[in-house]
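Okay, coords-v4.cif now, which holds mmCIF, N, CA and C atoms:
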data_run
#
loop_
_atom_site.label_atom_id
_atom_site.label_comp_id
_atom_site.auth_asym_id
_atom_site.auth_seq_id
_atom_site.Cartn_x
_atom_site.Cartn_y
_atom_site.Cartn_z
N MET E 1 43.98 43.75 -49.12
CA MET E 1 45.14 42.92 -49.38
C MET E 1 45.57 42.21 -48.10
N ARG E 2 45.61 42.97 -47.01
CA ARG E 2 46.04 42.38 -45.74
C ARG E 2 45.03 41.37 -45.22
N THR E 3 43.74 41.67 -45.37
CA THR E 3 42.73 40.73 -44.90
C THR E 3 42.72 39.46 -45.74
N LEU E 4 43.01 39.61 -47.03
CA LEU E 4 43.08 38.43 -47.90
C LEU E 4 44.23 37.52 -47.46
N ARG E 5 45.36 38.11 -47.13
CA ARG E 5 46.51 37.33 -46.68
C ARG E 5 46.19 36.65 -45.36
N THR E 6 45.51 37.34 -44.47
CA THR E 6 45.13 36.77 -43.18
C THR E 6 44.16 35.60 -43.38
N LEU E 7 43.19 35.79 -44.27
CA LEU E 7 42.23 34.71 -44.54
C LEU E 7 42.92 33.50 -45.15
N LEU E 8 43.85 33.72 -46.07
CA LEU E 8 44.58 32.59 -46.66
C LEU E 8 45.43 31.88 -45.62
N LEU E 9 46.04 32.64 -44.74
CA LEU E 9 46.84 32.05 -43.69
C LEU E 9 45.97 31.21 -42.75
N LEU E 10 44.82 31.74 -42.35
CA LEU E 10 43.91 31.00 -41.48
C LEU E 10 43.37 29.75 -42.18
N ALA E 11 43.06 29.85 -43.47
CA ALA E 11 42.57 28.68 -44.21
C ALA E 11 43.66 27.62 -44.29
N GLY E 12 44.89 28.03 -44.50
CA GLY E 12 46.00 27.06 -44.55
C GLY E 12 46.21 26.38 -43.21
N MET E 13 46.13 27.15 -42.14
CA MET E 13 46.29 26.57 -40.80
C MET E 13 45.14 25.61 -40.50
N ALA E 14 43.93 25.95 -40.89
CA ALA E 14 42.78 25.07 -40.66
C ALA E 14 42.93 23.77 -41.44
N ALA E 15 43.43 23.87 -42.67
CA ALA E 15 43.63 22.66 -43.47
C ALA E 15 44.72 21.78 -42.87
N ALA E 16 45.77 22.40 -42.35
CA ALA E 16 46.85 21.62 -41.73
C ALA E 16 46.35 20.93 -40.46
N LEU E 17 45.54 21.61 -39.67
CA LEU E 17 45.02 21.01 -38.44
C LEU E 17 44.00 19.92 -38.73
N ALA E 18 43.29 20.03 -39.84
CA ALA E 18 42.30 19.01 -40.18
C ALA E 18 42.97 17.67 -40.46
N GLY E 19 44.18 17.68 -40.99
CA GLY E 19 44.89 16.44 -41.27
C GLY E 19 45.48 15.80 -40.04
N CYS E 20 45.61 16.55 -38.95
CA CYS E 20 46.21 16.01 -37.73
C CYS E 20 45.30 15.00 -37.04
N GLY E 21 44.02 15.07 -37.26
CA GLY E 21 43.09 14.21 -36.55
C GLY E 21 42.95 12.82 -37.14
N ALA E 22 43.59 12.57 -38.28
CA ALA E 22 43.46 11.26 -38.91
C ALA E 22 44.20 10.22 -38.07
N ARG E 23 43.49 9.18 -37.66
CA ARG E 23 44.10 8.09 -36.88
C ARG E 23 43.78 6.79 -37.58
N ARG E 24 44.78 5.95 -37.63
CA ARG E 24 44.59 4.63 -38.22
C ARG E 24 45.49 3.66 -37.50
N GLU E 25 45.29 2.39 -37.75
CA GLU E 25 46.08 1.36 -37.10
C GLU E 25 47.52 1.42 -37.62
N LEU E 26 48.47 1.30 -36.72
CA LEU E 26 49.87 1.34 -37.11
C LEU E 26 50.28 0.01 -37.72
N MET E 27 50.98 0.08 -38.80
CA MET E 27 51.47 -1.11 -39.49
C MET E 27 52.93 -0.86 -39.88
N PRO E 28 53.76 -1.92 -39.93
CA PRO E 28 55.14 -1.72 -40.37
C PRO E 28 55.18 -1.37 -41.86
N LEU E 29 56.25 -0.71 -42.29
CA LEU E 29 56.41 -0.35 -43.69
C LEU E 29 56.52 -1.60 -44.54
N LYS E 30 56.29 -1.42 -45.83
CA LYS E 30 56.40 -2.55 -46.76
C LYS E 30 57.83 -3.07 -46.74
N ASP E 31 58.00 -4.36 -46.79
CA ASP E 31 59.30 -5.04 -46.77
C ASP E 31 60.04 -4.86 -45.45
N HIS E 32 59.35 -4.46 -44.39
CA HIS E 32 59.95 -4.34 -43.06
C HIS E 32 59.13 -5.20 -42.10
N ALA E 33 59.79 -5.75 -41.12
CA ALA E 33 59.11 -6.58 -40.14
C ALA E 33 59.21 -5.92 -38.77
N LEU E 34 58.33 -6.34 -37.89
CA LEU E 34 58.41 -5.87 -36.51
C LEU E 34 59.64 -6.47 -35.85
N PRO E 35 60.15 -5.87 -34.78
CA PRO E 35 61.29 -6.47 -34.09
C PRO E 35 60.91 -7.84 -33.53
N PRO E 36 61.91 -8.70 -33.31
CA PRO E 36 61.59 -10.04 -32.78
C PRO E 36 61.00 -9.95 -31.38
N ALA E 37 60.33 -11.02 -31.00
CA ALA E 37 59.72 -11.06 -29.66
C ALA E 37 60.81 -11.02 -28.61
N PRO E 38 60.57 -10.38 -27.47
CA PRO E 38 61.56 -10.34 -26.39
C PRO E 38 61.87 -11.75 -25.89
N TYR E 39 63.04 -11.89 -25.31
CA TYR E 39 63.50 -13.19 -24.81
C TYR E 39 62.52 -13.72 -23.76
N GLY E 40 62.09 -14.92 -23.92
CA GLY E 40 61.18 -15.54 -22.96
C GLY E 40 59.72 -15.30 -23.26
N ARG E 41 59.42 -14.56 -24.30
CA ARG E 41 58.03 -14.28 -24.65
C ARG E 41 57.70 -14.98 -25.96
N GLU E 42 56.58 -15.66 -26.00
CA GLU E 42 56.24 -16.44 -27.19
C GLU E 42 55.56 -15.61 -28.26
N ASP E 43 54.73 -14.64 -27.86
CA ASP E 43 54.01 -13.85 -28.86
C ASP E 43 54.76 -12.54 -29.14
N LYS E 44 54.57 -12.03 -30.35
CA LYS E 44 55.18 -10.76 -30.73
C LYS E 44 54.26 -9.63 -30.28
N PRO E 45 54.80 -8.58 -29.66
CA PRO E 45 53.94 -7.46 -29.29
C PRO E 45 53.51 -6.68 -30.54
N SER E 46 52.32 -6.11 -30.49
CA SER E 46 51.80 -5.33 -31.62
C SER E 46 52.49 -3.96 -31.65
N PRO E 47 52.39 -3.24 -32.77
CA PRO E 47 52.99 -1.90 -32.83
C PRO E 47 52.46 -0.97 -31.74
N ASP E 48 51.17 -1.05 -31.43
CA ASP E 48 50.61 -0.20 -30.38
C ASP E 48 51.20 -0.54 -29.02
N MET E 49 51.43 -1.83 -28.77
CA MET E 49 52.03 -2.24 -27.49
C MET E 49 53.48 -1.75 -27.39
N LEU E 50 54.19 -1.74 -28.52
CA LEU E 50 55.58 -1.28 -28.51
C LEU E 50 55.67 0.22 -28.24
N LEU E 51 54.65 0.97 -28.63
CA LEU E 51 54.67 2.42 -28.43
C LEU E 51 54.22 2.83 -27.03
N MET E 52 53.59 1.92 -26.29
CA MET E 52 53.11 2.24 -24.96
C MET E 52 54.29 2.20 -23.97
N PRO E 53 54.58 3.31 -23.26
CA PRO E 53 55.72 3.28 -22.33
C PRO E 53 55.41 2.42 -21.11
N PRO E 54 56.44 1.75 -20.58
CA PRO E 54 56.21 0.95 -19.37
C PRO E 54 55.94 1.85 -18.17
N VAL E 55 55.44 1.26 -17.11
CA VAL E 55 55.08 2.02 -15.92
C VAL E 55 56.31 2.71 -15.32
N GLN E 56 57.47 2.05 -15.38
CA GLN E 56 58.68 2.64 -14.81
C GLN E 56 59.10 3.89 -15.58
N ALA E 57 58.80 3.96 -16.87
CA ALA E 57 59.18 5.11 -17.67
C ALA E 57 58.25 6.30 -17.46
N LYS E 58 57.03 6.04 -17.06
CA LYS E 58 56.05 7.11 -16.89
C LYS E 58 55.25 6.85 -15.62
N PRO E 59 55.84 7.09 -14.45
CA PRO E 59 55.11 6.82 -13.21
C PRO E 59 54.00 7.84 -12.99
N GLN E 60 53.03 7.44 -12.22
CA GLN E 60 51.94 8.37 -11.88
C GLN E 60 52.43 9.35 -10.83
N ARG E 61 51.90 10.53 -10.85
CA ARG E 61 52.29 11.56 -9.89
C ARG E 61 51.59 11.33 -8.56
N ASN E 62 52.31 11.63 -7.52
CA ASN E 62 51.74 11.58 -6.19
C ASN E 62 51.64 13.02 -5.70
N ILE E 63 50.47 13.57 -5.79
CA ILE E 63 50.28 14.95 -5.40
C ILE E 63 49.67 14.96 -4.00
N GLU E 64 50.52 14.82 -3.03
CA GLU E 64 50.07 14.80 -1.64
C GLU E 64 50.62 16.07 -0.97
N LEU E 65 49.74 16.97 -0.67
CA LEU E 65 50.17 18.21 -0.03
C LEU E 65 50.33 17.99 1.46
N ARG E 66 51.33 18.60 1.99
CA ARG E 66 51.54 18.50 3.44
C ARG E 66 50.63 19.50 4.14
N SER E 67 49.95 19.04 5.15
CA SER E 67 49.04 19.94 5.87
C SER E 67 49.76 20.70 6.96
N ARG E 68 50.91 20.19 7.43
CA ARG E 68 51.69 20.90 8.44
C ARG E 68 53.16 20.51 8.27
N SER E 69 54.02 21.32 8.82
CA SER E 69 55.45 21.04 8.67
C SER E 69 55.85 19.87 9.57
N GLU E 70 56.85 19.15 9.13
CA GLU E 70 57.35 18.00 9.90
C GLU E 70 58.86 18.12 10.03
N ASP E 71 59.39 17.64 11.14
CA ASP E 71 60.83 17.64 11.33
C ASP E 71 61.46 16.61 10.41
N ARG E 72 62.63 16.97 9.86
CA ARG E 72 63.34 16.02 9.01
C ARG E 72 64.06 15.00 9.86
N GLU E 73 64.12 13.79 9.32
CA GLU E 73 64.88 12.75 10.01
C GLU E 73 66.36 12.97 9.75
N ASP E 74 67.18 12.43 10.64
CA ASP E 74 68.62 12.56 10.46
C ASP E 74 69.05 11.78 9.22
N ASP E 75 69.91 12.41 8.41
CA ASP E 75 70.43 11.77 7.22
C ASP E 75 71.87 11.38 7.47
N PRO E 76 72.18 10.09 7.56
CA PRO E 76 73.56 9.68 7.87
C PRO E 76 74.53 10.01 6.74
N PHE E 77 74.05 10.28 5.56
CA PHE E 77 74.93 10.60 4.43
C PHE E 77 75.13 12.10 4.25
N ASP E 78 74.49 12.91 5.05
CA ASP E 78 74.64 14.37 4.95
C ASP E 78 75.86 14.77 5.79
N LEU E 79 77.04 14.58 5.24
CA LEU E 79 78.28 14.85 5.95
C LEU E 79 78.82 16.22 5.56
N PRO E 80 79.51 16.89 6.51
CA PRO E 80 80.09 18.18 6.17
C PRO E 80 81.29 17.97 5.23
N PRO E 81 81.64 19.00 4.44
CA PRO E 81 82.80 18.85 3.54
C PRO E 81 84.09 18.66 4.33
N GLU E 82 85.04 17.97 3.73
CA GLU E 82 86.32 17.72 4.41
C GLU E 82 87.15 18.96 4.49
#
As structure tokens, the full file:
Amino acid sequence: MRTLRTLLLLAGMAAALAGCGARRELMPLKDHALPPAPYGREDKPSPDMLLMPPVQAKPQRNIELRSRSEDREDDPFDLPPE
């Protein structure tokens, strides 16, 4: 009984994961239009372009490890409390 329940659970999970891999071109819903083109732009961006985050929203990481310690520069805004 327990193994049957486990097998059914695994089969259900496998079926759910199989549907996740379906990819198709994004299209607006019926009777809906894409947002208007941004000001100053003549062409309308595609749905895929609208979903792509700009560089400012997702900057690349700079993973630069320091090989040795360095003295900090003076910070003119690091003032003691009044």
message = Please return, as a list in words, all residues of region 18-73 of chain E that DSSP assigns to helix (DSSP H, G or I) on the basis of the backbone.
response =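 Filtering region 18-73 of chain E down to helix (DSSP H, G or I) leaves Ala18, Gly19, Cys20, Pro47, Asp48, Met49, Leu50 and Leu51 of chain E.
Of note, atom N of Ser46 (chain E) and atom N of Ala18 (chain E) are spaced 29.2 Å apart.
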request  = Figure out the distance between CA of Lys30 (chain E) and atom N of Met52 (chain E), please, to one decimal in Å.
outcome  =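 Pair atom N of Met52 (chain E) / CA of Lys30 (chain E) returns 21.1 Å.
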ask   = In Å, how far is it from CA of Asp71 (chain E) to CA of Pro59 (chain E)?
value = 27.4 Å
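Taking only C-alpha atoms into account, Asp48 (chain E) lies nearest to E:Arg24 out of the set E:Arg61, E:Arg72, E:Arg24, E:Arg5.
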Which of E:Pro47, E:Tyr39, E:Pro81, E:Leu7 sits closest to Leu26 (chain E) [using only N, CA and C atoms] = E:Pro47
Give the padded box for region 12-31 of chain E as AutoDock Vina command-line options: axis-aligned, covering all atoms listed in the file, 5 Å on each side, centre and edge lengths in Å to one decimal.
--center_x 51.2 --center_y 11.5 --center_z -41.7 --size_x 27.7 --size_y 43.1 --size_z 20.2
